[in-house]
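Shown next, in structure tokens, is the structure this report addresses.
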Amino acid sequence: MNDLKALIRTIPDYPKPGIMFRDVTTLLANPDGLKSAIAGMAAPYEDHKIDAVAGIEARGFIVGGAVADRLGCGFIPIRKKGRLPWKTIGQEYALEYGVDVIEIHEDAIAKGSRILIVDDLIATGGTAEAAAKLIRRSGGEVAGAAFIIDLPELGGVARLKSHGIDSHALIAFEGH
Ligand code: AMP
């Protein structure tokens, strides 16, 4: 997984001072890197009878669709407010300043189905926690959460654990 780490571009002070932006576009553009990232994200869930992957806009769509294909299950988009065409349910979550909202189609999740959350990176876990709430409010069961990158100092994996959700990330970076 050190190879994967080397394929990620770090952009200091983006989008604001103090943030080290972990840019996965350089990993996604590399054929071997993309293949091993998708295989690594799917591997822990191959025997978990996942019914669908829920990917979080936007980088969670890229890896989430590929993970779903690999697991032989469907894909459900979780999008920023106002982007989905059918009836939705929404979930607010806190940002550093203010709140944001993500949405899911109200009929996207079959009752009792086992859903895997996928995104490129987990930081504070606020986005993934909101996704988990949407899935549970829709009648689904959160079977796990998979990420390429974890920023452990921000506590997202522990936050999901406190909601009974186990996460897997392929690599970790220090700091924010
Ligand atoms: P959080 O809700 O704090 O776990 O933030 C996770 C979301 O924000 C993911 O969709 C990430 O793509 C994005 N994100 C947060 N921090 C970073 C970072 N340092 N580099 C790249 N993306 C980030």
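In the structure tokens, chains take the letters A, B, ... in the order shown, each chain's residues start at 1, and ligands count up from 1 in the order shown.
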
Can I get the residues close to ligand 1 as a PyMOL selection string, where close means within 10 Å and we count only C-alpha atoms and all ligand atoms? chain A and resi 9-15+18-24+55-60+93-96+118-131+147-151+154-157+159-160+173+175-176

Based on the selection just made, write N, CA and C atoms of those residues as a short mmCIF file (atom, residue, chain, number, x, y, z; two decimals), in the first residue's frame.
data_model
loop_
_atom_site.label_atom_id
_atom_site.label_comp_id
_atom_site.auth_asym_id
_atom_site.auth_seq_id
_atom_site.Cartn_x
_atom_site.Cartn_y
_atom_site.Cartn_z
N ARG A 9 -1.20 12.80 -4.63
CA ARG A 9 -0.54 14.11 -4.64
C ARG A 9 -1.04 14.93 -3.44
N THR A 10 -0.11 15.50 -2.70
CA THR A 10 -0.50 16.34 -1.57
C THR A 10 -0.33 17.80 -1.94
N ILE A 11 -1.41 18.58 -1.75
CA ILE A 11 -1.39 20.00 -2.09
C ILE A 11 -1.55 20.80 -0.79
N PRO A 12 -0.45 21.41 -0.31
CA PRO A 12 -0.55 22.15 0.95
C PRO A 12 -1.41 23.40 0.81
N ASP A 13 -2.13 23.71 1.88
CA ASP A 13 -2.92 24.95 1.96
C ASP A 13 -4.02 25.03 0.90
N TYR A 14 -4.60 23.89 0.52
CA TYR A 14 -5.75 23.87 -0.37
C TYR A 14 -6.87 23.10 0.30
N PRO A 15 -8.11 23.55 0.30
CA PRO A 15 -8.61 24.81 -0.28
C PRO A 15 -8.40 26.02 0.61
N GLY A 18 -3.52 25.66 6.02
CA GLY A 18 -3.50 24.66 7.09
C GLY A 18 -4.00 23.30 6.65
N ILE A 19 -4.72 23.21 5.52
CA ILE A 19 -5.22 21.92 5.03
C ILE A 19 -4.20 21.32 4.07
N MET A 20 -3.89 20.04 4.29
CA MET A 20 -3.08 19.29 3.34
C MET A 20 -4.06 18.50 2.48
N PHE A 21 -4.32 18.95 1.27
CA PHE A 21 -5.33 18.30 0.43
C PHE A 21 -4.72 17.05 -0.19
N ARG A 22 -5.34 15.91 0.05
CA ARG A 22 -4.86 14.63 -0.49
C ARG A 22 -5.60 14.38 -1.79
N ASP A 23 -4.91 14.62 -2.89
CA ASP A 23 -5.51 14.60 -4.23
C ASP A 23 -5.38 13.20 -4.83
N VAL A 24 -6.53 12.50 -4.95
CA VAL A 24 -6.48 11.12 -5.47
C VAL A 24 -6.52 11.06 -6.99
N GLY A 55 -22.22 5.59 -2.65
CA GLY A 55 -21.05 6.43 -2.86
C GLY A 55 -21.40 7.89 -2.61
N ILE A 56 -20.46 8.61 -2.00
CA ILE A 56 -20.71 10.01 -1.64
C ILE A 56 -20.09 10.92 -2.71
N GLU A 57 -20.90 11.85 -3.21
CA GLU A 57 -20.45 12.81 -4.24
C GLU A 57 -19.20 13.54 -3.78
N ALA A 58 -18.22 13.73 -4.63
CA ALA A 58 -18.14 13.27 -6.01
C ALA A 58 -17.10 12.15 -6.17
N ARG A 59 -16.03 12.19 -5.41
CA ARG A 59 -14.99 11.17 -5.63
C ARG A 59 -15.46 9.80 -5.16
N GLY A 60 -16.45 9.77 -4.26
CA GLY A 60 -17.04 8.49 -3.85
C GLY A 60 -17.82 7.82 -4.97
N TYR A 93 -25.35 18.03 8.13
CA TYR A 93 -24.16 17.72 8.94
C TYR A 93 -23.34 18.99 9.10
N ALA A 94 -22.58 19.03 10.18
CA ALA A 94 -21.85 20.25 10.52
C ALA A 94 -20.55 20.35 9.74
N LEU A 95 -20.28 21.53 9.22
CA LEU A 95 -18.97 21.86 8.66
C LEU A 95 -18.24 22.70 9.70
N GLU A 96 -17.00 23.06 9.39
CA GLU A 96 -16.27 23.90 10.34
C GLU A 96 -17.04 25.21 10.59
N VAL A 118 -19.02 4.24 0.62
CA VAL A 118 -17.70 4.41 -0.01
C VAL A 118 -17.42 5.88 -0.27
N ASP A 119 -16.24 6.33 0.11
CA ASP A 119 -15.75 7.66 -0.27
C ASP A 119 -14.24 7.57 -0.44
N ASP A 120 -13.64 8.64 -0.96
CA ASP A 120 -12.19 8.57 -1.18
C ASP A 120 -11.44 8.72 0.13
N LEU A 121 -11.99 9.52 1.06
CA LEU A 121 -11.20 9.90 2.26
C LEU A 121 -12.14 10.12 3.43
N ILE A 122 -11.70 9.69 4.62
CA ILE A 122 -12.44 10.03 5.84
C ILE A 122 -11.56 10.92 6.72
N ALA A 123 -12.13 12.06 7.12
CA ALA A 123 -11.41 13.01 7.97
C ALA A 123 -12.10 13.04 9.33
N THR A 124 -13.02 13.98 9.55
CA THR A 124 -13.76 14.00 10.82
C THR A 124 -14.84 12.93 10.89
N GLY A 125 -15.21 12.41 9.72
CA GLY A 125 -16.29 11.42 9.67
C GLY A 125 -17.68 12.03 9.59
N GLY A 126 -17.77 13.35 9.56
CA GLY A 126 -19.08 14.00 9.53
C GLY A 126 -19.90 13.63 8.30
N THR A 127 -19.24 13.57 7.15
CA THR A 127 -19.95 13.25 5.90
C THR A 127 -20.42 11.79 5.92
N ALA A 128 -19.53 10.89 6.31
CA ALA A 128 -19.89 9.46 6.34
C ALA A 128 -20.97 9.19 7.39
N GLU A 129 -20.89 9.90 8.52
CA GLU A 129 -21.93 9.74 9.56
C GLU A 129 -23.29 10.17 9.02
N ALA A 130 -23.32 11.29 8.27
CA ALA A 130 -24.59 11.75 7.69
C ALA A 130 -25.10 10.73 6.67
N ALA A 131 -24.19 10.15 5.90
CA ALA A 131 -24.58 9.12 4.93
C ALA A 131 -25.18 7.91 5.67
N PHE A 147 -12.74 3.37 2.51
CA PHE A 147 -12.10 4.59 2.05
C PHE A 147 -10.71 4.25 1.50
N ILE A 148 -10.21 5.10 0.62
CA ILE A 148 -8.80 4.94 0.24
C ILE A 148 -7.93 5.47 1.38
N ILE A 149 -8.30 6.66 1.90
CA ILE A 149 -7.42 7.37 2.84
C ILE A 149 -8.15 7.64 4.16
N ASP A 150 -7.43 7.43 5.25
CA ASP A 150 -7.90 7.83 6.59
C ASP A 150 -6.94 8.90 7.13
N LEU A 151 -7.52 9.93 7.75
CA LEU A 151 -6.72 10.90 8.50
C LEU A 151 -7.02 10.64 9.98
N LEU A 154 -8.04 13.07 12.88
CA LEU A 154 -9.33 13.75 12.87
C LEU A 154 -10.47 12.87 13.41
N GLY A 155 -10.18 11.59 13.65
CA GLY A 155 -11.09 10.76 14.45
C GLY A 155 -12.32 10.21 13.74
N GLY A 156 -12.35 10.24 12.42
CA GLY A 156 -13.55 9.78 11.70
C GLY A 156 -13.86 8.31 11.89
N VAL A 157 -12.82 7.48 11.87
CA VAL A 157 -13.06 6.03 12.01
C VAL A 157 -13.64 5.73 13.39
N ARG A 159 -15.35 7.81 15.18
CA ARG A 159 -16.71 8.35 15.20
C ARG A 159 -17.71 7.35 14.58
N LEU A 160 -17.33 6.74 13.47
CA LEU A 160 -18.22 5.73 12.87
C LEU A 160 -18.36 4.52 13.79
N PHE A 173 -2.69 9.10 6.48
CA PHE A 173 -1.75 10.22 6.49
C PHE A 173 -1.85 10.91 7.84
N GLY A 175 -1.79 14.17 10.30
CA GLY A 175 -2.21 15.57 10.20
C GLY A 175 -3.58 15.75 9.57
N HIS A 176 -3.87 16.99 9.16
CA HIS A 176 -5.21 17.35 8.67
C HIS A 176 -5.25 17.32 7.15
#

Using DSSP secondary structure from the backbone, list all strand (DSSP E or B) positions within segment 32-79 of chain A, as JSON, numbers by chain. {"A": [52, 53, 54, 55, 56, 74, 75, 76, 77, 78, 79]}

Test item: residues at most 7 Å from Gln91 of chain A, only C-alpha atoms, excluding those fewer than 5 positions along its chain, as a PyMOL selection string: chain A and resi 101-103+130+134

Selected residues written out, N, CA, C and O atoms, as an mmCIF file, in the first residue's frame:
data_model
loop_
_atom_site.group_PDB
_atom_site.id
_atom_site.type_symbol
_atom_site.label_atom_id
_atom_site.label_comp_id
_atom_site.auth_asym_id
_atom_site.auth_seq_id
_atom_site.Cartn_x
_atom_site.Cartn_y
_atom_site.Cartn_z
ATOM 1 N N VAL A 101 -25.866 19.789 3.514
ATOM 2 C CA VAL A 101 -26.909 18.761 3.444
ATOM 3 C C VAL A 101 -26.558 17.788 2.318
ATOM 4 O O VAL A 101 -26.158 18.221 1.232
ATOM 5 N N ILE A 102 -26.679 16.490 2.605
ATOM 6 C CA ILE A 102 -26.602 15.481 1.543
ATOM 7 C C ILE A 102 -27.954 14.798 1.438
ATOM 8 O O ILE A 102 -28.739 14.789 2.411
ATOM 9 N N GLU A 103 -28.224 14.244 0.254
ATOM 10 C CA GLU A 103 -29.538 13.659 -0.010
ATOM 11 C C GLU A 103 -29.406 12.298 -0.690
ATOM 12 O O GLU A 103 -28.417 12.009 -1.355
ATOM 13 N N ALA A 130 -23.322 11.287 8.275
ATOM 14 C CA ALA A 130 -24.592 11.752 7.689
ATOM 15 C C ALA A 130 -25.103 10.734 6.673
ATOM 16 O O ALA A 130 -26.312 10.456 6.603
ATOM 17 N N LEU A 134 -28.702 8.649 6.706
ATOM 18 C CA LEU A 134 -29.634 8.570 5.569
ATOM 19 C C LEU A 134 -29.988 7.118 5.261
ATOM 20 O O LEU A 134 -31.151 6.790 4.985
#

I want to know what sits within 10 Å of Leu34 of chain A, based on only C-alpha atoms, with residues of the same chain fewer than 4 positions away left out; could you give that as a PyMOL selection string? chain A and resi 4+7+24-30+38-40+63+66

I'd like the contact shell of Gly65 of chain A - 10 Å cut-off, only C-alpha atoms, skipping same-chain residues fewer than 5 positions apart - returned as a list in words. Ile38, Ala52, Val53, Ala54, Gly55, Gly60, Arg70, Leu71, Cys73, Gly74, Phe75, Ile76, Pro77 and Val118 of chain A

Atomic separation - atom CA of Lys81 of chain A relative to atom CA of Ala169 of chain A, Å: 26.5 Å

Those in chain A with alpha helix (DSSP H) from DSSP, as a PyMOL selection string: chain A and resi 2-7+25-28+31-42+59-71+126-137+156-161

Shortest interatomic distance to Asp107 of chain A - which of A:Gly72, A:Pro17, A:Gly140, A:Gly82, counting only C-alpha atoms: A:Gly140

By how many Å are atom CA of Asp51 of chain A and atom CA of Ser113 of chain A apart? 5.9 Å

Could you tell me how far atom CA of Ala110 of chain A sits from atom CA of Gly90 of chain A, in Å to one decimal place? 17.1 Å

Might you pull out every residue within 6 Å of Gly139 of chain A, with only C-alpha atoms counted and same-chain residues fewer than 3 positions away left off, and present them as a short mmCIF file (atom, residue, chain, number, x, y, z; two decimals) with N, CA, C and O atoms, in the first residue's frame?
data_model
loop_
_atom_site.label_atom_id
_atom_site.label_comp_id
_atom_site.auth_asym_id
_atom_site.auth_seq_id
_atom_site.Cartn_x
_atom_site.Cartn_y
_atom_site.Cartn_z
N LYS A 111 -35.80 -2.08 2.08
CA LYS A 111 -35.80 -2.30 3.53
C LYS A 111 -34.93 -3.50 3.90
O LYS A 111 -35.03 -4.56 3.29
N GLY A 112 -34.06 -3.31 4.88
CA GLY A 112 -33.21 -4.41 5.37
C GLY A 112 -32.01 -4.69 4.49
O GLY A 112 -31.24 -5.61 4.79
N ARG A 136 -29.84 4.51 7.28
CA ARG A 136 -30.66 3.92 8.35
C ARG A 136 -32.08 4.48 8.32
O ARG A 136 -33.05 3.73 8.49
#
